[in-house]
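S.K.: Enclosed is the structure file coords.cif (mmCIF, C-alpha atoms and all ligand atoms).
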data_entry
#
loop_
_atom_site.group_PDB
_atom_site.id
_atom_site.type_symbol
_atom_site.label_atom_id
_atom_site.label_comp_id
_atom_site.auth_asym_id
_atom_site.auth_seq_id
_atom_site.Cartn_x
_atom_site.Cartn_y
_atom_site.Cartn_z
ATOM 1 C CA MET A 28 251.283 79.354 80.997
ATOM 2 C CA LYS A 29 247.921 77.644 80.638
ATOM 3 C CA ASP A 30 244.296 78.374 81.516
ATOM 4 C CA PHE A 31 243.197 75.605 83.873
ATOM 5 C CA LEU A 32 239.740 74.703 85.177
ATOM 6 C CA LEU A 33 240.660 73.291 88.581
ATOM 7 C CA GLN A 34 238.593 71.626 91.269
ATOM 8 C CA VAL A 35 238.629 72.849 94.859
ATOM 9 C CA THR A 36 239.765 70.089 97.203
ATOM 10 C CA SER A 37 240.011 72.169 100.377
ATOM 11 C CA GLN A 38 239.428 75.665 101.679
ATOM 12 C CA GLN A 39 240.666 76.350 105.184
ATOM 13 C CA GLU A 40 240.814 79.545 107.244
ATOM 14 C CA LEU A 41 244.359 79.439 108.661
ATOM 15 C CA VAL A 42 243.929 82.484 110.908
ATOM 16 C CA PRO A 43 241.057 84.980 110.855
ATOM 17 C CA GLY A 44 240.829 86.468 107.351
ATOM 18 C CA VAL A 45 243.575 84.343 105.762
ATOM 19 C CA PHE A 46 242.599 81.280 103.721
ATOM 20 C CA SER A 47 244.448 78.356 102.195
ATOM 21 C CA LEU A 48 242.807 77.099 99.012
ATOM 22 C CA THR A 49 243.868 73.850 97.361
ATOM 23 C CA LEU A 50 242.965 73.162 93.734
ATOM 24 C CA LYS A 51 243.430 69.827 91.982
ATOM 25 C CA GLY A 52 244.802 69.416 88.456
ATOM 26 C CA PHE A 53 247.586 72.016 88.145
ATOM 27 C CA THR A 54 249.911 70.102 85.842
ATOM 28 C CA GLN A 55 252.420 72.844 84.938
ATOM 29 C CA GLU A 56 255.939 73.126 86.342
ATOM 30 C CA TYR A 57 256.437 76.435 88.148
ATOM 31 C CA GLU A 58 259.193 78.590 89.637
ATOM 32 C CA PRO A 59 258.581 79.805 93.203
ATOM 33 C CA GLY A 60 257.720 83.514 92.991
ATOM 34 C CA GLN A 61 255.438 83.055 89.977
ATOM 35 C CA PHE A 62 251.730 83.731 90.372
ATOM 36 C CA VAL A 63 248.354 82.804 88.895
ATOM 37 C CA GLN A 64 245.386 84.897 87.790
ATOM 38 C CA VAL A 65 242.296 83.507 89.529
ATOM 39 C CA GLU A 66 238.759 83.934 88.189
ATOM 40 C CA VAL A 67 236.723 84.650 91.309
ATOM 41 C CA ALA A 68 233.218 84.887 89.813
ATOM 42 C CA GLU A 69 231.255 82.594 87.547
ATOM 43 C CA ASN A 70 229.245 85.354 85.846
ATOM 44 C CA TYR A 71 232.133 87.725 84.898
ATOM 45 C CA GLU A 72 231.249 90.143 87.709
ATOM 46 C CA PRO A 73 233.825 91.122 88.859
ATOM 47 C CA PHE A 74 235.382 90.613 85.445
ATOM 48 C CA LEU A 75 239.066 90.946 86.326
ATOM 49 C CA ARG A 76 240.927 87.975 87.681
ATOM 50 C CA ARG A 77 242.882 88.345 90.931
ATOM 51 C CA PRO A 78 246.655 87.773 91.051
ATOM 52 C CA ILE A 79 247.704 85.324 93.793
ATOM 53 C CA SER A 80 251.195 83.888 94.288
ATOM 54 C CA ILE A 81 251.746 80.174 94.095
ATOM 55 C CA CYS A 82 252.394 79.012 97.653
ATOM 56 C CA ASP A 83 253.120 75.381 96.814
ATOM 57 C CA VAL A 84 252.351 72.641 94.317
ATOM 58 C CA GLU A 85 252.317 69.005 95.497
ATOM 59 C CA ASP A 86 251.162 66.158 93.246
ATOM 60 C CA ASN A 87 249.425 68.618 90.867
ATOM 61 C CA ASN A 88 247.589 70.228 93.832
ATOM 62 C CA LEU A 89 248.006 73.991 93.706
ATOM 63 C CA GLN A 90 247.978 75.745 97.095
ATOM 64 C CA LEU A 91 247.132 79.442 97.285
ATOM 65 C CA VAL A 92 247.142 81.385 100.541
ATOM 66 C CA TYR A 93 245.296 84.685 100.435
ATOM 67 C CA ARG A 94 243.987 87.395 102.705
ATOM 68 C CA LEU A 95 240.415 88.697 102.483
ATOM 69 C CA LYS A 96 240.622 92.172 101.051
ATOM 70 C CA GLY A 97 237.689 93.212 98.852
ATOM 71 C CA ARG A 98 235.010 91.812 96.604
ATOM 72 C CA GLY A 99 237.162 89.319 94.727
ATOM 73 C CA THR A 100 238.827 87.591 97.653
ATOM 74 C CA LYS A 101 235.460 87.477 99.491
ATOM 75 C CA LEU A 102 233.983 85.554 96.542
ATOM 76 C CA LEU A 103 237.003 83.268 96.456
ATOM 77 C CA ALA A 104 236.564 82.443 100.145
ATOM 78 C CA LYS A 105 233.065 81.122 99.376
ATOM 79 C CA LYS A 106 234.403 78.341 97.116
ATOM 80 C CA LYS A 107 233.815 74.882 98.544
ATOM 81 C CA PRO A 108 235.295 71.443 97.842
ATOM 82 C CA GLY A 109 233.964 70.240 94.484
ATOM 83 C CA ASP A 110 233.571 73.769 93.029
ATOM 84 C CA LYS A 111 235.517 74.621 89.883
ATOM 85 C CA VAL A 112 237.865 77.618 89.610
ATOM 86 C CA ARG A 113 239.532 78.922 86.458
ATOM 87 C CA VAL A 114 243.206 79.727 86.979
ATOM 88 C CA LEU A 115 245.714 81.129 84.451
ATOM 89 C CA GLY A 116 249.378 80.469 85.119
ATOM 90 C CA PRO A 117 252.079 80.184 86.102
ATOM 91 C CA ILE A 118 252.824 83.832 85.239
ATOM 92 C CA GLY A 119 255.983 85.941 85.387
ATOM 93 C CA TYR A 120 259.552 85.239 86.450
ATOM 94 C CA GLY A 121 260.206 83.564 89.794
ATOM 95 C CA PHE A 122 263.176 83.690 92.168
ATOM 96 C CA PRO A 123 266.493 82.650 90.552
ATOM 97 C CA LEU A 124 268.480 80.113 92.603
ATOM 98 C CA LYS A 125 272.081 81.242 92.609
ATOM 99 C CA SER A 126 273.929 80.075 95.716
ATOM 100 C CA GLN A 127 274.141 77.273 98.269
ATOM 101 C CA ARG A 128 272.921 79.429 101.179
ATOM 102 C CA ALA A 129 269.913 81.706 101.288
ATOM 103 C CA THR A 130 267.909 83.794 103.719
ATOM 104 C CA LEU A 131 264.186 84.051 102.968
ATOM 105 C CA ILE A 132 262.477 87.092 104.499
ATOM 106 C CA GLY A 133 258.696 87.313 104.534
ATOM 107 C CA GLY A 134 256.315 89.843 106.010
ATOM 108 C CA GLY A 135 252.608 89.119 106.653
ATOM 109 C CA ILE A 136 250.736 87.926 103.586
ATOM 110 C CA GLY A 137 254.063 88.066 101.688
ATOM 111 C CA VAL A 138 255.076 84.849 103.435
ATOM 112 C CA PRO A 139 253.195 82.231 101.297
ATOM 113 C CA PRO A 140 255.276 82.311 98.062
ATOM 114 C CA LEU A 141 258.424 81.758 100.106
ATOM 115 C CA LEU A 142 257.147 78.357 101.271
ATOM 116 C CA GLY A 143 257.461 76.762 97.815
ATOM 117 C CA LEU A 144 260.861 78.428 97.520
ATOM 118 C CA ALA A 145 262.056 77.007 100.882
ATOM 119 C CA LYS A 146 260.850 73.569 99.805
ATOM 120 C CA LYS A 147 262.641 73.754 96.449
ATOM 121 C CA MET A 148 265.887 75.017 98.010
ATOM 122 C CA HIS A 149 265.770 72.341 100.712
ATOM 123 C CA GLY A 150 265.185 69.709 98.002
ATOM 124 C CA GLN A 151 268.349 70.906 96.250
ATOM 125 C CA GLY A 152 270.390 70.557 99.436
ATOM 126 C CA MET A 153 270.706 74.293 100.057
ATOM 127 C CA GLU A 154 271.100 75.763 103.533
ATOM 128 C CA VAL A 155 267.972 77.848 104.090
ATOM 129 C CA THR A 156 267.131 80.342 106.835
ATOM 130 C CA ALA A 157 263.560 81.683 106.941
ATOM 131 C CA LEU A 158 262.886 84.921 108.804
ATOM 132 C CA LEU A 159 259.148 85.570 109.036
ATOM 133 C CA GLY A 160 257.517 88.678 110.465
ATOM 134 C CA PHE A 161 253.917 89.255 111.550
ATOM 135 C CA LYS A 162 251.958 91.839 113.522
ATOM 136 C CA ASN A 163 251.229 89.326 116.277
ATOM 137 C CA LYS A 164 250.925 85.631 117.103
ATOM 138 C CA GLU A 165 247.299 85.518 115.893
ATOM 139 C CA GLU A 166 248.399 86.499 112.359
ATOM 140 C CA ALA A 167 251.331 84.082 112.124
ATOM 141 C CA ILE A 168 250.834 81.532 109.321
ATOM 142 C CA LEU A 169 252.606 78.481 107.862
ATOM 143 C CA LEU A 170 255.204 78.224 110.651
ATOM 144 C CA SER A 171 255.189 74.412 110.945
ATOM 145 C CA GLU A 172 255.408 74.120 107.143
ATOM 146 C CA PHE A 173 258.470 76.403 106.964
ATOM 147 C CA ALA A 174 260.125 74.542 109.845
ATOM 148 C CA LYS A 175 260.249 71.406 107.630
ATOM 149 C CA TYR A 176 262.521 73.087 105.094
ATOM 150 C CA ALA A 177 264.375 75.912 106.834
ATOM 151 C CA ASP A 178 265.987 77.130 109.998
ATOM 152 C CA LEU A 179 262.980 79.235 111.060
ATOM 153 C CA GLN A 180 262.955 82.436 113.115
ATOM 154 C CA VAL A 181 259.921 84.594 113.803
ATOM 155 C CA ALA A 182 259.449 88.229 114.776
ATOM 156 C CA THR A 183 256.206 89.909 115.815
ATOM 157 C CA LEU A 184 255.627 93.599 116.383
ATOM 158 C CA ASP A 185 254.074 92.988 119.817
ATOM 159 C CA GLY A 186 256.463 90.202 120.862
ATOM 160 C CA SER A 187 253.636 87.645 121.218
ATOM 161 C CA SER A 188 255.639 85.130 119.130
ATOM 162 C CA GLY A 189 259.391 85.047 118.568
ATOM 163 C CA ARG A 190 261.415 88.219 118.886
ATOM 164 C CA ARG A 191 259.679 91.572 119.416
ATOM 165 C CA GLY A 192 260.276 93.934 116.509
ATOM 166 C CA LEU A 193 260.689 94.025 112.752
ATOM 167 C CA VAL A 194 261.607 90.926 110.798
ATOM 168 C CA THR A 195 264.697 92.700 109.441
ATOM 169 C CA GLU A 196 266.064 92.835 113.006
ATOM 170 C CA LEU A 197 266.498 89.053 112.775
ATOM 171 C CA ILE A 198 269.126 89.421 110.037
ATOM 172 C CA THR A 199 272.524 88.442 111.382
ATOM 173 C CA ASN A 200 274.295 87.345 108.221
ATOM 174 C CA LYS A 201 274.251 90.074 105.592
ATOM 175 C CA ASP A 202 276.341 87.950 103.204
ATOM 176 C CA ASP A 203 273.563 85.454 102.401
ATOM 177 C CA LEU A 204 271.565 86.010 99.245
ATOM 178 C CA VAL A 205 268.148 87.314 100.369
ATOM 179 C CA TYR A 206 264.770 86.341 98.869
ATOM 180 C CA ALA A 207 262.010 88.605 100.143
ATOM 181 C CA CYS A 208 258.275 89.090 99.833
ATOM 182 C CA GLY A 209 256.162 91.493 101.846
ATOM 183 C CA PRO A 210 255.325 95.176 102.120
ATOM 184 C CA GLU A 211 257.283 97.971 100.445
ATOM 185 C CA GLY A 212 258.647 99.108 103.829
ATOM 186 C CA LEU A 213 260.395 95.762 104.211
ATOM 187 C CA PHE A 214 261.999 96.116 100.782
ATOM 188 C CA ARG A 215 263.195 99.634 101.497
ATOM 189 C CA THR A 216 264.778 98.487 104.773
ATOM 190 C CA LEU A 217 266.565 95.677 102.926
ATOM 191 C CA GLU A 218 267.949 98.258 100.507
ATOM 192 C CA THR A 219 269.139 100.433 103.400
ATOM 193 C CA LEU A 220 270.870 97.425 104.964
ATOM 194 C CA GLY A 221 272.671 96.837 101.667
ATOM 195 C CA VAL A 222 271.800 93.145 101.361
ATOM 196 C CA LYS A 223 271.861 91.456 97.966
ATOM 197 C CA GLY A 224 269.133 89.299 96.462
ATOM 198 C CA TYR A 225 265.600 89.530 95.146
ATOM 199 C CA TYR A 226 262.193 90.835 96.176
ATOM 200 C CA SER A 227 258.778 89.951 94.805
ATOM 201 C CA LEU A 228 256.603 92.975 94.133
ATOM 202 C CA GLU A 229 252.868 93.504 94.355
ATOM 203 C CA LYS A 230 251.230 96.093 92.163
ATOM 204 C CA ARG A 231 247.541 96.525 91.331
ATOM 205 C CA MET A 232 246.927 94.502 88.207
ATOM 206 C CA ALA A 233 244.271 94.339 85.523
ATOM 207 C CA CYS A 234 245.166 91.918 82.682
ATOM 208 C CA GLY A 235 248.052 90.253 84.558
ATOM 209 C CA VAL A 236 249.672 89.153 81.286
ATOM 210 C CA GLY A 237 251.591 92.184 80.040
ATOM 211 C CA VAL A 238 248.966 93.777 77.787
ATOM 212 C CA CYS A 239 247.317 96.688 79.632
ATOM 213 C CA LEU A 240 250.498 98.324 81.076
ATOM 214 C CA GLY A 241 248.557 98.879 84.315
ATOM 215 C CA CYS A 242 251.335 97.477 86.491
ATOM 216 C CA ASN A 243 254.215 99.561 85.068
ATOM 217 C CA ILE A 244 257.072 100.518 87.359
ATOM 218 C CA THR A 245 260.476 102.120 86.808
ATOM 219 C CA VAL A 246 263.546 99.970 87.340
ATOM 220 C CA ILE A 247 267.180 100.959 87.153
ATOM 221 C CA LYS A 248 269.341 98.677 85.041
ATOM 222 C CA ASP A 249 272.929 99.476 83.986
ATOM 223 C CA GLU A 250 272.349 103.027 85.339
ATOM 224 C CA LYS A 251 269.430 103.519 82.942
ATOM 225 C CA GLU A 252 265.779 103.932 83.909
ATOM 226 C CA LEU A 253 263.461 101.440 82.218
ATOM 227 C CA ARG A 254 259.689 101.017 82.363
ATOM 228 C CA GLN A 255 258.796 97.416 83.191
ATOM 229 C CA ARG A 256 255.600 95.489 83.850
ATOM 230 C CA VAL A 257 255.427 93.736 87.204
ATOM 231 C CA CYS A 258 253.278 90.932 85.742
ATOM 232 C CA HIS A 259 255.417 90.308 82.671
ATOM 233 C CA ASP A 260 258.968 91.307 83.664
ATOM 234 C CA GLY A 261 258.580 90.406 87.375
ATOM 235 C CA PRO A 262 257.093 90.048 89.891
ATOM 236 C CA VAL A 263 260.617 89.225 91.136
ATOM 237 C CA PHE A 264 263.243 91.975 90.751
ATOM 238 C CA PRO A 265 266.788 92.368 92.113
ATOM 239 C CA ILE A 266 266.891 94.175 95.476
ATOM 240 C CA GLY A 267 267.742 97.827 94.848
ATOM 241 C CA SER A 268 266.571 97.898 91.235
ATOM 242 C CA VAL A 269 263.145 99.475 91.759
ATOM 243 C CA LYS A 270 262.587 103.227 91.743
ATOM 244 C CA TRP A 271 259.900 103.623 94.421
ATOM 245 C CA GLY A 272 257.053 106.086 94.286
ATOM 246 C CA ASP A 273 255.933 105.535 90.682
HETATM 247 C C1 LIG B 1 251.978 89.175 91.822
HETATM 248 C C2 LIG B 1 250.995 89.280 92.962
HETATM 249 C C3 LIG B 1 250.906 88.232 93.866
HETATM 250 C C4 LIG B 1 249.985 88.316 94.923
HETATM 251 N N1 LIG B 1 249.947 87.274 95.803
HETATM 252 C C5 LIG B 1 249.076 87.305 96.820
HETATM 253 C C6 LIG B 1 249.004 86.222 97.737
HETATM 254 O O1 LIG B 1 249.714 85.206 97.611
HETATM 255 N N2 LIG B 1 248.105 86.319 98.759
HETATM 256 C C7 LIG B 1 247.310 87.434 98.909
HETATM 257 O O2 LIG B 1 246.526 87.488 99.863
HETATM 258 N N3 LIG B 1 247.361 88.472 98.061
HETATM 259 C C8 LIG B 1 248.218 88.435 97.016
HETATM 260 N N4 LIG B 1 248.257 89.487 96.147
HETATM 261 C C9 LIG B 1 247.339 90.605 96.356
HETATM 262 C C10 LIG B 1 245.967 90.241 95.771
HETATM 263 O O3 LIG B 1 246.062 90.188 94.353
HETATM 264 C C11 LIG B 1 244.909 91.287 96.164
HETATM 265 O O4 LIG B 1 244.759 91.287 97.562
HETATM 266 C C12 LIG B 1 243.588 90.967 95.499
HETATM 267 O O5 LIG B 1 243.682 91.141 94.092
HETATM 268 C C13 LIG B 1 242.495 91.859 96.063
HETATM 269 O O6 LIG B 1 241.319 91.623 95.333
HETATM 270 P P1 LIG B 1 239.902 92.011 95.960
HETATM 271 O O7 LIG B 1 238.890 91.954 94.885
HETATM 272 O O8 LIG B 1 239.635 91.169 97.174
HETATM 273 O O9 LIG B 1 240.149 93.472 96.485
HETATM 274 P P2 LIG B 1 239.722 94.864 95.809
HETATM 275 O O10 LIG B 1 240.513 95.899 96.539
HETATM 276 O O11 LIG B 1 238.250 94.981 95.739
HETATM 277 O O12 LIG B 1 240.298 94.725 94.339
HETATM 278 C C14 LIG B 1 239.970 95.638 93.325
HETATM 279 C C15 LIG B 1 240.940 95.487 92.168
HETATM 280 O O13 LIG B 1 242.248 95.873 92.559
HETATM 281 C C16 LIG B 1 243.158 94.816 92.411
HETATM 282 N N5 LIG B 1 244.024 94.770 93.597
HETATM 283 C C17 LIG B 1 243.689 95.168 94.841
HETATM 284 N N6 LIG B 1 244.751 95.014 95.673
HETATM 285 C C18 LIG B 1 245.747 94.498 94.933
HETATM 286 C C19 LIG B 1 247.089 94.097 95.219
HETATM 287 N N7 LIG B 1 247.625 94.240 96.432
HETATM 288 N N8 LIG B 1 247.833 93.594 94.229
HETATM 289 C C20 LIG B 1 247.319 93.479 92.991
HETATM 290 N N9 LIG B 1 246.067 93.839 92.637
HETATM 291 C C21 LIG B 1 245.296 94.328 93.614
HETATM 292 C C22 LIG B 1 242.310 93.551 92.323
HETATM 293 O O14 LIG B 1 242.967 92.503 91.599
HETATM 294 C C23 LIG B 1 241.097 94.077 91.623
HETATM 295 O O15 LIG B 1 241.306 94.127 90.255
HETATM 296 C C24 LIG B 1 249.160 89.454 95.083
HETATM 297 C C25 LIG B 1 249.254 90.510 94.169
HETATM 298 C C26 LIG B 1 250.167 90.424 93.124
HETATM 299 C C27 LIG B 1 250.281 91.546 92.156
HETATM 300 S S1 LIG B 2 248.543 93.971 84.672
HETATM 301 FE FE1 LIG B 2 248.280 94.411 82.562
HETATM 302 S S2 LIG B 2 250.347 94.746 81.927
HETATM 303 FE FE2 LIG B 2 250.589 94.020 83.961
#
Show this structure as structure tokens.
Ligand SMILES: Cc1cc2nc3c(=O)[nH]c(=O)nc-3n(C[C@H](O)[C@H](O)[C@H](O)COP(=O)(O)OP(=O)(O)OC[C@H]3O[C@@H](n4cnc5c(N)ncnc54)[C@H](O)[C@@H]3O)c2cc1C
Ligand code: FES
M.R.:
Amino acid sequence: MKDFLLQVTSQQELVPGVFSLTLKGFTQEYEPGQFVQVEVAENYEPFLRRPISICDVEDNNLQLVYRLKGRGTKLLAKKKPGDKVRVLGPIGYGFPLKSQRATLIGGGIGVPPLLGLAKKMHGQGMEVTALLGFKNKEEAILLSEFAKYADLQVATLDGSSGRRGLVTELITNKDDLVYACGPEGLFRTLETLGVKGYYSLEKRMACGVGVCLGCNITVIKDEKELRQRVCHDGPVFPIGSVKWGD
């Protein structure tokens, strides 16, 4: 992990309210699923950095894809080519690669970190299926990028792109190891379906580096309940290991 001062090379609105930011000079190796803590202001207001997953890194160019939410992401969206942004990372544990076949399942703004994963798996000769779910066609992002590395299928709630319904309805092979990122509802459905694999969690964060305990959750390991920090021990956890509602 290193604190970088990176230069913005592009900032593009992919669909309304979702931006792709590219920053030059990210020289660290990373594991897909890891994230960075992004300083959004120059004058320490807001003081806390914002956690954003690494979408991809190509030739030391770090790509982040983020949705406008509150004050921090609004400030980030104002950055222009040539501006400098301080970024700490990569942070946490990413997705472990454990088999020759994998199904990646992403929902909404949970889709971006799976792109770097699809690329890495494809590069290692793995057979990759990507199932991506969105509310509608207007919110669908990164489809052509995923299609380069995976057998891609899309679901939208209103049927405006791909199959109508939930992304989990696209699952046909429950034997593949699953790598998921998205809302809690998606993770709970995966648990109900009994699939095996990993999900990447989001939890409100303050320090982002394991100090403040603000992102504590309960996980079940060897039938024991343990308190773990999403930023330090995750954000990737085995499917079925998280005790929800903490
Ligand atoms: C490991 C991780 C990876 C993430 N990856 C992405 C990503 O790739 N793309 C993306 O759009 N969003 C991602 N998020 C969510 C993103 O961090 C929040 O949307 C963002 O921090 C909101 O900041 P804000 O100032 O715009 O919103 P505000 O609501 O004003 O934020 C107020 C405070 O709450 C924190 N906060 C608010 N929502 C979240 C959240 N969901 N998760 C963590 N902290 C939050 C902020 O960091 C800030 O400290 C990720 C979150 C985590 C934990
Ligand atoms: S955010 Fe501080 S310990 Fe995780």
S.K.: Which residues, named as in the file, does the PyMOL selection byres (((chain A and resi 129) around 9) and not hetatm) pick out? Answer as a list of chain:residue names.
M.R.: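 With the shown file as input, the PyMOL selection byres (((chain A and resi 129) around 9) and not hetatm) matches A:Leu124, A:Lys125, A:Ser126, A:Gln127, A:Arg128, A:Thr130, A:Leu131, A:Met148, A:Met153, A:Glu154, A:Val155, A:Thr156, A:Ala157, A:Asp203, A:Leu204, A:Val205, A:Tyr206.
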S.K.: For A:Lys248, which of A:Leu213, A:Val112, A:Ile266, A:Val222 is the closest residue, counting all atoms listed in the file?
M.R.: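 Under the stated criterion, the closest residue is A:Ile266.
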S.K.: Would you name the residues within 6 Å of ligand LIG 1 (chain B), counting all atoms listed in the file, and put them as an NGL selection string?
M.R.: :A and (62 or 75 or 77-80 or 92-100 or 136 or 139 or 229-233 or 262)
S.K.: Which residues match the PyMOL selection byres (((not hetatm)) within 9 of (chain B and resi 2)) in the file above, as JSON, numbers by chain?
M.R.: {"A": [230, 231, 232, 233, 234, 235, 236, 237, 238, 239, 240, 241, 242, 243, 255, 256, 257, 258, 259, 260]}
S.K.: So which one's closest to A:Lys270, A:Glu211, A:Ser187, A:Ile81, A:Gly119? Using only C-alpha atoms, please.
M.R.: A:Glu211
S.K.: Tell me, in Å to one decimal, how far atom CA of A:Leu50 is from atom CA of A:Glu85.
M.R.: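 Pair atom CA of A:Leu50 / atom CA of A:Glu85 returns 10.4 Å.
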S.K.: Nearest residue to A:Val67 out of A:Val181, A:Leu89, A:Val35, A:Val114, using only C-alpha atoms?
M.R.: A:Val114
S.K.: Could you expand the PyMOL selection byres (((chain A and resi 38) around 6) and not hetatm) into the explicit residues it covers here, written as number ranges by chain?
M.R.: A: 37, 39, 47-48
S.K.: Quote the spacing between atom CA of A:Phe31 and atom CA of A:Arg113 in Å to one decimal place.
M.R.: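 Rounded to one decimal, the two atoms are 5.6 Å apart.
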S.K.: Taking into account all atoms listed in the file, which residue in the set A:Glu250, A:Ile132, A:Lys106, A:Trp271 is nearest to A:Asp178?
M.R.: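 Of all the options, A:Ile132 lies closest to A:Asp178.
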S.K.: Determine the nearest neighbour of A:Pro265 from the options A:Pro210, A:Gly224, A:Gly133, A:Pro123, counting all atoms listed in the file.
M.R.: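 Looking only at the distances to A:Pro265, the closest residue turns out to be A:Gly224.
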S.K.: Which residue is closest to A:Pro108? Choose from A:Lys164, A:Lys29, A:Lys51, A:Lys251 and count all atoms listed in the file.
M.R.: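 Looking at the shortest contact to A:Pro108, the residue is A:Lys51.
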S.K.: Interatomic distance between atom CA of A:Gly150 and atom CA of A:Val138?
M.R.: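 Going from atom CA of A:Gly150 over to atom CA of A:Val138, I get 19.0 Å.
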S.K.: Edge lengths and centre in Å to one decimal, as JSON, of the axis-aligned box that encloses all listed atoms of stretch 68-72 of chain A with 3 Å added on every side?
M.R.:
{"center_x": 231.2, "center_y": 86.4, "center_z": 87.4, "size_x": 10.0, "size_y": 13.5, "size_z": 10.9}
S.K.: Using only C-alpha atoms, determine which residues lie at most 7 Å from A:Gly160, disregarding the query and same-chain residues fewer than 3 positions distant; provide the list as a VMD selection string.
M.R.: chain A and resid 133 to 135 181 to 183 193 to 194
S.K.: Go ahead and save the residues from that selection, with C-alpha atoms, as a PDB file, keeping the file's coordinate frame.
M.R.:
ATOM      1  CA  GLY A 133     258.696  87.313 104.534  1.00  0.00           C
ATOM      2  CA  GLY A 134     256.315  89.843 106.010  1.00  0.00           C
ATOM      3  CA  GLY A 135     252.608  89.119 106.653  1.00  0.00           C
ATOM      4  CA  VAL A 181     259.921  84.594 113.803  1.00  0.00           C
ATOM      5  CA  ALA A 182     259.449  88.229 114.776  1.00  0.00           C
ATOM      6  CA  THR A 183     256.206  89.909 115.815  1.00  0.00           C
ATOM      7  CA  LEU A 193     260.689  94.025 112.752  1.00  0.00           C
ATOM      8  CA  VAL A 194     261.607  90.926 110.798  1.00  0.00           C
TER       9      VAL A 194
END
